Amino acid sequence: MLDFVYQALPSRVIFGYGTLDKLPEEVERLGAQRAMVLSAPEQVAQAEDVAARLGDRSAGTYDRAVMHVPIETARAAREEARSRGADCCVAVGGGSTIGLGKAIALDSGLPIIAVPTTYAGSEMTPIWGLTEAGLKRTGRDERVLPRTVIYDPTLSLTLPAFIAGPSGMNAIAHCVEALYSENANPIVSLMAEEGIRALGEALPVVVATPDDRDARAKALYGAWLAGASLGAVGMAIHHKLCHTLGGSFNLPHADVHTVIIPHAAHYNRDAAPEAMARLAQALGTEDGPGALYDLAKAVGAKLALKDIGMAEADLDRAAELATQNPYYNPRPVTRDGVRALLEQAYHGRRPAV
Ligand code: NAD
């Protein structure tokens, strides 16, 4: 029987080439007078361009965003926002920069305008993350959901292939888990399936022909759907495993998602037949998990945990950590099951039907 709960999230999305031009009016629309522009150190030029567009409404740039939002970074940014009298943050960048904006919002309630330049999807979620003493905590709070998201594919044109490929696979992973989520529902499943389709078609073109504007726009469109799916429903074994591997073994975020997703999907293959059918349909195949592996390979991503910094000796501990606390997954999560999954992922073997 069809029964579900669907909770819409209140965010305003503006999509298209050149939409960054609308930023000043969007800041004004929020009633903000002084917007602090956040970025990673590598994207300071983009941040400065954005600040210049804001003119009098700019409270300057702050370019200290780093992966996983260390608490010290969050505290320094909060203090900077206070001392500059900022009443809004504009986060220009990937999940790390948007995460820094969320850390400020969590403390101060300052509204965020997100201008995403990767496919990670954080801009569409009320999920925050903070890392303290080597432990990453996450939580949900509607105050951190960006009020406005400007998706201008122009800004993603500079995303190099080696970041774009795994970043897109990270987005696909949100869609895959949304399809078999505990609180999956018809509208989110439509978005998730369409997200996989868009990213599956666009990513190989993005990495082969980086200046293909249509492919960049399609990938960003898929990323929007993926972020919206992640924000709307709970995740399962894949996200729990990636959280453990990223947090406890310091593996790079998008790469670890890329390596794990074919194996996580394979783990749930028999327990989530409807989700598998939609995944396969979206990728134009009969074997969804295998096609995820092939897509990761086609975009030139690394396919094995051993190639992204994982030590074989740590696999047992990873399996222990990832099964310490129970959580929802279509197929029961067992230590042996996770250990076997990690073994396959460690060697980068294609999941077999
Ligand atoms: P990132 O933000 O760290 O960016 C990766 C690198 O790409 C950085 O060096 C960045 O400067 C560079 N970059 C980004 N856009 C670029 C562009 N257009 N041109 C050139 N270089 C560019 O990586 P990410 O994968 O986007 O985000 C990862 C972080 O986001 C993790 O900490 C993860 O936990 C978090 N995240 C959170 C959520 C959430 O809902 N809270 C969702 C997804 C990811």
# chains A, B, ... in the order shown; residues from 1 in each chain; ligands from 1
>>> residues_near_ligand(ligand="ligand 1", cutoff="7 Å", atoms="only C-alpha atoms and all ligand atoms", output="JSON, numbers by chain")
{"A": [40, 41, 42, 43, 66, 67, 68, 69, 93, 94, 95, 96, 97, 99, 117, 118, 119, 120, 121, 122, 123, 125, 126, 127, 128, 129, 155, 156, 157, 158, 159, 160, 163, 167, 230, 231, 253, 254]}
>>> write_last_selection(atoms="C-alpha atoms", output="short mmCIF file (atom, residue, chain, number, x, y, z; two decimals), in the first residue's frame")
data_model
loop_
_atom_site.label_atom_id
_atom_site.label_comp_id
_atom_site.auth_asym_id
_atom_site.auth_seq_id
_atom_site.Cartn_x
_atom_site.Cartn_y
_atom_site.Cartn_z
CA ALA A 40 37.88 28.33 0.12
CA PRO A 41 41.40 29.79 -0.26
CA GLU A 42 41.56 28.34 -3.81
CA GLN A 43 38.45 30.28 -4.84
CA VAL A 66 38.31 23.94 4.62
CA MET A 67 36.94 20.39 4.43
CA HIS A 68 34.71 19.13 7.30
CA VAL A 69 34.43 22.52 9.12
CA GLY A 93 32.03 27.18 -3.44
CA GLY A 94 31.55 23.52 -2.65
CA GLY A 95 30.29 21.68 0.40
CA SER A 96 33.17 22.93 2.56
CA THR A 97 32.34 26.59 2.00
CA GLY A 99 29.35 24.11 5.48
CA THR A 117 30.34 25.46 -7.59
CA THR A 118 30.52 21.67 -7.06
CA TYR A 119 27.87 18.94 -7.13
CA ALA A 120 27.98 18.03 -3.40
CA GLY A 121 24.43 19.25 -2.70
CA SER A 122 24.88 20.79 0.76
CA GLU A 123 23.09 23.97 -0.38
CA THR A 125 19.93 20.54 3.01
CA PRO A 126 19.35 21.59 6.63
CA ILE A 127 22.27 19.32 7.62
CA TRP A 128 25.30 20.85 9.32
CA GLY A 129 28.64 19.24 10.18
CA LEU A 155 30.98 29.06 -12.02
CA SER A 156 31.32 25.31 -12.49
CA LEU A 157 33.17 25.70 -15.81
CA THR A 158 36.46 25.93 -13.89
CA LEU A 159 35.83 22.75 -11.89
CA PRO A 160 38.62 20.41 -13.04
CA ILE A 163 37.08 17.05 -8.92
CA SER A 167 31.75 15.27 -7.02
CA LEU A 230 19.44 14.37 0.44
CA GLY A 231 17.72 17.19 2.32
CA HIS A 253 34.91 13.11 0.81
CA ALA A 254 33.87 12.86 -2.86
#
>>> residues_around(residues="Met235 in chain A", least_positions_apart="4", cutoff="8 Å", atoms="only C-alpha atoms", output="PDB file with all heavy atoms, in the first residue's frame")
ATOM      1  N   HIS A 174      23.632  10.399  -3.284  1.00  0.00           N
ATOM      2  CA  HIS A 174      22.462  10.919  -2.547  1.00  0.00           C
ATOM      3  C   HIS A 174      21.178  10.387  -3.184  1.00  0.00           C
ATOM      4  O   HIS A 174      20.250   9.984  -2.496  1.00  0.00           O
ATOM      5  CB  HIS A 174      22.398  12.457  -2.585  1.00  0.00           C
ATOM      6  CG  HIS A 174      23.629  13.157  -2.103  1.00  0.00           C
ATOM      7  ND1 HIS A 174      24.458  12.643  -1.139  1.00  0.00           N
ATOM      8  CD2 HIS A 174      24.161  14.372  -2.447  1.00  0.00           C
ATOM      9  CE1 HIS A 174      25.452  13.497  -0.918  1.00  0.00           C
ATOM     10  NE2 HIS A 174      25.295  14.547  -1.696  1.00  0.00           N
ATOM     11  N   GLU A 177      20.572   6.523  -2.522  1.00  0.00           N
ATOM     12  CA  GLU A 177      20.073   6.199  -1.181  1.00  0.00           C
ATOM     13  C   GLU A 177      18.679   6.779  -0.946  1.00  0.00           C
ATOM     14  O   GLU A 177      17.896   6.219  -0.182  1.00  0.00           O
ATOM     15  CB  GLU A 177      21.067   6.667  -0.117  1.00  0.00           C
ATOM     16  CG  GLU A 177      22.356   5.874  -0.184  1.00  0.00           C
ATOM     17  CD  GLU A 177      22.732   5.184   1.112  1.00  0.00           C
ATOM     18  OE1 GLU A 177      23.014   5.893   2.086  1.00  0.00           O
ATOM     19  OE2 GLU A 177      22.751   3.934   1.150  1.00  0.00           O
ATOM     20  N   ALA A 178      18.354   7.884  -1.629  1.00  0.00           N
ATOM     21  CA  ALA A 178      16.998   8.433  -1.493  1.00  0.00           C
ATOM     22  C   ALA A 178      15.973   7.441  -2.032  1.00  0.00           C
ATOM     23  O   ALA A 178      14.866   7.331  -1.510  1.00  0.00           O
ATOM     24  CB  ALA A 178      16.886   9.769  -2.227  1.00  0.00           C
ATOM     25  N   SER A 181      15.397   4.936   0.707  1.00  0.00           N
ATOM     26  CA  SER A 181      15.348   5.512   2.052  1.00  0.00           C
ATOM     27  C   SER A 181      14.163   4.966   2.851  1.00  0.00           C
ATOM     28  O   SER A 181      13.133   4.597   2.297  1.00  0.00           O
ATOM     29  CB  SER A 181      15.201   7.032   1.922  1.00  0.00           C
ATOM     30  OG  SER A 181      14.842   7.599   3.152  1.00  0.00           O
ATOM     31  N   GLU A 182      14.319   5.000   4.169  1.00  0.00           N
ATOM     32  CA  GLU A 182      13.231   4.583   5.061  1.00  0.00           C
ATOM     33  C   GLU A 182      11.981   5.435   4.816  1.00  0.00           C
ATOM     34  O   GLU A 182      10.865   4.947   4.870  1.00  0.00           O
ATOM     35  CB  GLU A 182      13.695   4.753   6.512  1.00  0.00           C
ATOM     36  CG  GLU A 182      12.709   4.266   7.527  1.00  0.00           C
ATOM     37  CD  GLU A 182      13.281   4.312   8.939  1.00  0.00           C
ATOM     38  OE1 GLU A 182      14.198   5.121   9.203  1.00  0.00           O
ATOM     39  OE2 GLU A 182      12.807   3.540   9.785  1.00  0.00           O
ATOM     40  N   LEU A 230      18.692  14.557  -0.812  1.00  0.00           N
ATOM     41  CA  LEU A 230      19.440  14.374   0.439  1.00  0.00           C
ATOM     42  C   LEU A 230      18.799  15.148   1.587  1.00  0.00           C
ATOM     43  O   LEU A 230      18.737  14.673   2.724  1.00  0.00           O
ATOM     44  CB  LEU A 230      20.889  14.852   0.224  1.00  0.00           C
ATOM     45  CG  LEU A 230      21.817  14.891   1.439  1.00  0.00           C
ATOM     46  CD1 LEU A 230      22.152  13.481   1.921  1.00  0.00           C
ATOM     47  CD2 LEU A 230      23.126  15.621   1.106  1.00  0.00           C
ATOM     48  N   HIS A 239      25.878   6.291   3.203  1.00  0.00           N
ATOM     49  CA  HIS A 239      26.286   7.539   3.867  1.00  0.00           C
ATOM     50  C   HIS A 239      26.904   7.265   5.236  1.00  0.00           C
ATOM     51  O   HIS A 239      27.841   7.952   5.642  1.00  0.00           O
ATOM     52  CB  HIS A 239      25.106   8.511   3.944  1.00  0.00           C
ATOM     53  CG  HIS A 239      24.854   9.215   2.636  1.00  0.00           C
ATOM     54  ND1 HIS A 239      24.264   8.575   1.564  1.00  0.00           N
ATOM     55  CD2 HIS A 239      25.153  10.474   2.211  1.00  0.00           C
ATOM     56  CE1 HIS A 239      24.201   9.427   0.541  1.00  0.00           C
ATOM     57  NE2 HIS A 239      24.731  10.588   0.906  1.00  0.00           N
ATOM     58  N   LYS A 240      26.398   6.252   5.944  1.00  0.00           N
ATOM     59  CA  LYS A 240      26.986   5.919   7.251  1.00  0.00           C
ATOM     60  C   LYS A 240      28.430   5.463   7.060  1.00  0.00           C
ATOM     61  O   LYS A 240      29.340   5.874   7.783  1.00  0.00           O
ATOM     62  CB  LYS A 240      26.198   4.792   7.928  1.00  0.00           C
ATOM     63  CG  LYS A 240      24.795   5.176   8.286  1.00  0.00           C
ATOM     64  CD  LYS A 240      24.751   6.165   9.448  1.00  0.00           C
ATOM     65  CE  LYS A 240      23.323   6.609   9.697  1.00  0.00           C
ATOM     66  NZ  LYS A 240      23.181   7.717  10.602  1.00  0.00           N
TER      67      LYS A 240
END
>>> residues_around(residues="range 283-298 of chain A", least_positions_apart="6", cutoff="6 Å", atoms="only C-alpha atoms", output="list in words")
Arg197, Pro262, Ala265, His266 and Pro351 of chain A
>>> select_by_dssp(residues="range 184-256 of chain A", states="helix (DSSP H, G or I)", output="JSON, numbers by chain")
{"A": [186, 187, 188, 189, 190, 191, 192, 193, 194, 195, 196, 197, 198, 199, 200, 201, 202, 203, 204, 205, 206, 207, 208, 213, 214, 215, 216, 217, 218, 219, 220, 221, 222, 223, 224, 225, 226, 227, 228, 229, 230, 231, 232, 237, 238, 239, 240, 241, 242, 243, 244, 245, 246, 247, 248, 249, 253, 254, 255, 256]}
>>> residues_around(residues="Asn185 in chain A", least_positions_apart="6", cutoff="8 Å", atoms="only C-alpha atoms", output="list of chain:residue names")
A:Phe4, A:Val5, A:Tyr6
>>> write_last_selection(atoms="all heavy atoms", output="CSV table (one decimal), in the first residue's frame")
chain,number,residue,atom,x,y,z
A,4,PHE,N,2.9,7.6,2.8
A,4,PHE,CA,4.2,8.3,3.0
A,4,PHE,C,3.9,9.7,3.7
A,4,PHE,O,2.8,10.1,3.7
A,4,PHE,CB,4.9,8.6,1.6
A,4,PHE,CG,4.0,9.3,0.6
A,4,PHE,CD1,4.0,10.7,0.6
A,4,PHE,CD2,3.2,8.6,-0.3
A,4,PHE,CE1,3.3,11.4,-0.3
A,4,PHE,CE2,2.5,9.3,-1.2
A,4,PHE,CZ,2.5,10.7,-1.2
A,5,VAL,N,5.0,10.3,4.1
A,5,VAL,CA,5.0,11.6,4.7
A,5,VAL,C,6.0,12.4,3.8
A,5,VAL,O,7.1,12.0,3.6
A,5,VAL,CB,5.4,11.7,6.1
A,5,VAL,CG1,5.6,13.1,6.6
A,5,VAL,CG2,4.5,10.9,7.0
A,6,TYR,N,5.6,13.5,3.3
A,6,TYR,CA,6.5,14.4,2.6
A,6,TYR,C,6.5,15.8,3.2
A,6,TYR,O,5.5,16.4,3.4
A,6,TYR,CB,6.0,14.5,1.1
A,6,TYR,CG,6.8,15.6,0.3
A,6,TYR,CD1,8.2,15.4,0.1
A,6,TYR,CD2,6.2,16.7,-0.1
A,6,TYR,CE1,8.9,16.4,-0.6
A,6,TYR,CE2,6.9,17.7,-0.8
A,6,TYR,CZ,8.3,17.5,-1.0
A,6,TYR,OH,9.0,18.5,-1.6
>>> residues_around(residues="Pro332 in chain A", least_positions_apart="5", cutoff="10 Å", atoms="only C-alpha atoms", output="VMD selection string")
chain A and resid 237 267 to 268 271 326 to 327 337
>>> select_by_dssp(residues="range 72-192 of chain A", states="strand (DSSP E or B)", output="list in words")
Cys88, Cys89, Val90, Ala91, Val92, Gly93, Ile112, Ile113, Ala114, Val115, Pro116, Ile127, Trp128, Gly129, Leu130, Thr131, Glu132, Leu135, Lys136, Arg137, Thr138, Gly139, Arg140, Thr148, Val149, Ile150 and Tyr151 of chain A
>>> write_last_selection(atoms="N, CA and C atoms", output="PDB file, in the first residue's frame")
ATOM      1  N   CYS A  88      24.276  38.662   6.750  1.00  0.00           N
ATOM      2  CA  CYS A  88      23.978  37.632   5.764  1.00  0.00           C
ATOM      3  C   CYS A  88      25.316  37.043   5.314  1.00  0.00           C
ATOM      4  N   CYS A  89      25.322  35.776   4.907  1.00  0.00           N
ATOM      5  CA  CYS A  89      26.538  35.199   4.316  1.00  0.00           C
ATOM      6  C   CYS A  89      26.226  34.728   2.902  1.00  0.00           C
ATOM      7  N   VAL A  90      27.147  34.998   1.999  1.00  0.00           N
ATOM      8  CA  VAL A  90      27.052  34.446   0.653  1.00  0.00           C
ATOM      9  C   VAL A  90      28.172  33.412   0.550  1.00  0.00           C
ATOM     10  N   ALA A  91      27.816  32.137   0.401  1.00  0.00           N
ATOM     11  CA  ALA A  91      28.827  31.069   0.345  1.00  0.00           C
ATOM     12  C   ALA A  91      29.043  30.673  -1.112  1.00  0.00           C
ATOM     13  N   VAL A  92      30.253  30.946  -1.614  1.00  0.00           N
ATOM     14  CA  VAL A  92      30.580  30.659  -3.016  1.00  0.00           C
ATOM     15  C   VAL A  92      31.568  29.502  -3.050  1.00  0.00           C
ATOM     16  N   GLY A  93      31.106  28.305  -3.400  1.00  0.00           N
ATOM     17  CA  GLY A  93      32.034  27.182  -3.444  1.00  0.00           C
ATOM     18  C   GLY A  93      31.327  25.859  -3.300  1.00  0.00           C
ATOM     19  N   ILE A 112      21.732  32.459   4.755  1.00  0.00           N
ATOM     20  CA  ILE A 112      22.779  32.105   3.785  1.00  0.00           C
ATOM     21  C   ILE A 112      22.209  32.179   2.375  1.00  0.00           C
ATOM     22  N   ILE A 113      22.973  32.800   1.490  1.00  0.00           N
ATOM     23  CA  ILE A 113      22.715  32.640   0.061  1.00  0.00           C
ATOM     24  C   ILE A 113      23.841  31.749  -0.452  1.00  0.00           C
ATOM     25  N   ALA A 114      23.503  30.606  -1.028  1.00  0.00           N
ATOM     26  CA  ALA A 114      24.539  29.688  -1.501  1.00  0.00           C
ATOM     27  C   ALA A 114      24.698  29.813  -3.007  1.00  0.00           C
ATOM     28  N   VAL A 115      25.969  29.828  -3.423  1.00  0.00           N
ATOM     29  CA  VAL A 115      26.287  29.831  -4.853  1.00  0.00           C
ATOM     30  C   VAL A 115      27.198  28.609  -5.076  1.00  0.00           C
ATOM     31  N   PRO A 116      26.591  27.434  -5.286  1.00  0.00           N
ATOM     32  CA  PRO A 116      27.384  26.204  -5.339  1.00  0.00           C
ATOM     33  C   PRO A 116      28.231  26.107  -6.607  1.00  0.00           C
ATOM     34  N   ILE A 127      21.300  20.135   6.866  1.00  0.00           N
ATOM     35  CA  ILE A 127      22.268  19.318   7.620  1.00  0.00           C
ATOM     36  C   ILE A 127      23.566  20.098   7.802  1.00  0.00           C
ATOM     37  N   TRP A 128      24.014  20.198   9.058  1.00  0.00           N
ATOM     38  CA  TRP A 128      25.300  20.851   9.322  1.00  0.00           C
ATOM     39  C   TRP A 128      26.300  19.794   9.793  1.00  0.00           C
ATOM     40  N   GLY A 129      27.589  20.126   9.691  1.00  0.00           N
ATOM     41  CA  GLY A 129      28.640  19.237  10.184  1.00  0.00           C
ATOM     42  C   GLY A 129      29.736  20.077  10.819  1.00  0.00           C
ATOM     43  N   LEU A 130      30.264  19.596  11.936  1.00  0.00           N
ATOM     44  CA  LEU A 130      31.358  20.302  12.616  1.00  0.00           C
ATOM     45  C   LEU A 130      32.336  19.251  13.118  1.00  0.00           C
ATOM     46  N   THR A 131      33.634  19.521  12.984  1.00  0.00           N
ATOM     47  CA  THR A 131      34.629  18.544  13.428  1.00  0.00           C
ATOM     48  C   THR A 131      35.389  19.084  14.633  1.00  0.00           C
ATOM     49  N   GLU A 132      35.358  18.307  15.709  1.00  0.00           N
ATOM     50  CA  GLU A 132      36.044  18.716  16.935  1.00  0.00           C
ATOM     51  C   GLU A 132      36.850  17.536  17.450  1.00  0.00           C
ATOM     52  N   LEU A 135      36.578  14.300  15.638  1.00  0.00           N
ATOM     53  CA  LEU A 135      35.255  13.657  15.494  1.00  0.00           C
ATOM     54  C   LEU A 135      34.301  14.596  14.784  1.00  0.00           C
ATOM     55  N   LYS A 136      33.668  14.089  13.706  1.00  0.00           N
ATOM     56  CA  LYS A 136      32.717  14.936  12.987  1.00  0.00           C
ATOM     57  C   LYS A 136      31.305  14.677  13.492  1.00  0.00           C
ATOM     58  N   ARG A 137      30.666  15.756  13.957  1.00  0.00           N
ATOM     59  CA  ARG A 137      29.265  15.657  14.388  1.00  0.00           C
ATOM     60  C   ARG A 137      28.410  16.261  13.287  1.00  0.00           C
ATOM     61  N   THR A 138      27.244  15.678  13.071  1.00  0.00           N
ATOM     62  CA  THR A 138      26.307  16.285  12.130  1.00  0.00           C
ATOM     63  C   THR A 138      24.946  16.413  12.805  1.00  0.00           C
ATOM     64  N   GLY A 139      24.135  17.300  12.294  1.00  0.00           N
ATOM     65  CA  GLY A 139      22.792  17.461  12.844  1.00  0.00           C
ATOM     66  C   GLY A 139      21.920  18.167  11.825  1.00  0.00           C
ATOM     67  N   ARG A 140      20.643  18.237  12.116  1.00  0.00           N
ATOM     68  CA  ARG A 140      19.695  18.929  11.231  1.00  0.00           C
ATOM     69  C   ARG A 140      19.138  20.121  11.974  1.00  0.00           C
ATOM     70  N   THR A 148      18.375  31.085  -0.122  1.00  0.00           N
ATOM     71  CA  THR A 148      18.369  31.251  -1.572  1.00  0.00           C
ATOM     72  C   THR A 148      19.563  30.492  -2.137  1.00  0.00           C
ATOM     73  N   VAL A 149      19.352  29.805  -3.252  1.00  0.00           N
ATOM     74  CA  VAL A 149      20.461  29.101  -3.908  1.00  0.00           C
ATOM     75  C   VAL A 149      20.524  29.584  -5.349  1.00  0.00           C
ATOM     76  N   ILE A 150      21.692  30.090  -5.715  1.00  0.00           N
ATOM     77  CA  ILE A 150      21.880  30.535  -7.100  1.00  0.00           C
ATOM     78  C   ILE A 150      22.780  29.515  -7.801  1.00  0.00           C
ATOM     79  N   TYR A 151      22.187  28.779  -8.721  1.00  0.00           N
ATOM     80  CA  TYR A 151      22.957  27.803  -9.498  1.00  0.00           C
ATOM     81  C   TYR A 151      23.300  28.447 -10.833  1.00  0.00           C
TER      82      TYR A 151
END
>>> residues_around(residues="Glu80 in chain A", least_positions_apart="6", cutoff="10 Å", atoms="only C-alpha atoms", output="tab-separated table (two decimals) with N, CA, C and O atoms, in the first residue's frame")
chain	number	residue	atom	x	y	z
A	36	MET	N	28.71	38.92	4.10
A	36	MET	CA	30.10	38.46	4.10
A	36	MET	C	30.20	37.30	3.11
A	36	MET	O	29.40	36.35	3.16
A	62	TYR	N	35.82	36.28	3.04
A	62	TYR	CA	36.45	35.49	4.10
A	62	TYR	C	36.77	34.13	3.48
A	62	TYR	O	35.87	33.35	3.18
A	74	ALA	N	35.20	27.37	12.40
A	74	ALA	CA	33.84	27.89	12.58
A	74	ALA	C	33.85	29.05	13.57
A	74	ALA	O	33.22	30.09	13.31
A	86	ALA	N	28.16	41.66	9.86
A	86	ALA	CA	27.47	41.00	8.73
A	86	ALA	C	26.06	40.60	9.14
A	86	ALA	O	25.83	40.18	10.28
A	104	ILE	N	28.15	29.21	10.77
A	104	ILE	CA	27.86	30.58	11.23
A	104	ILE	C	26.36	30.70	11.52
A	104	ILE	O	25.95	31.22	12.56
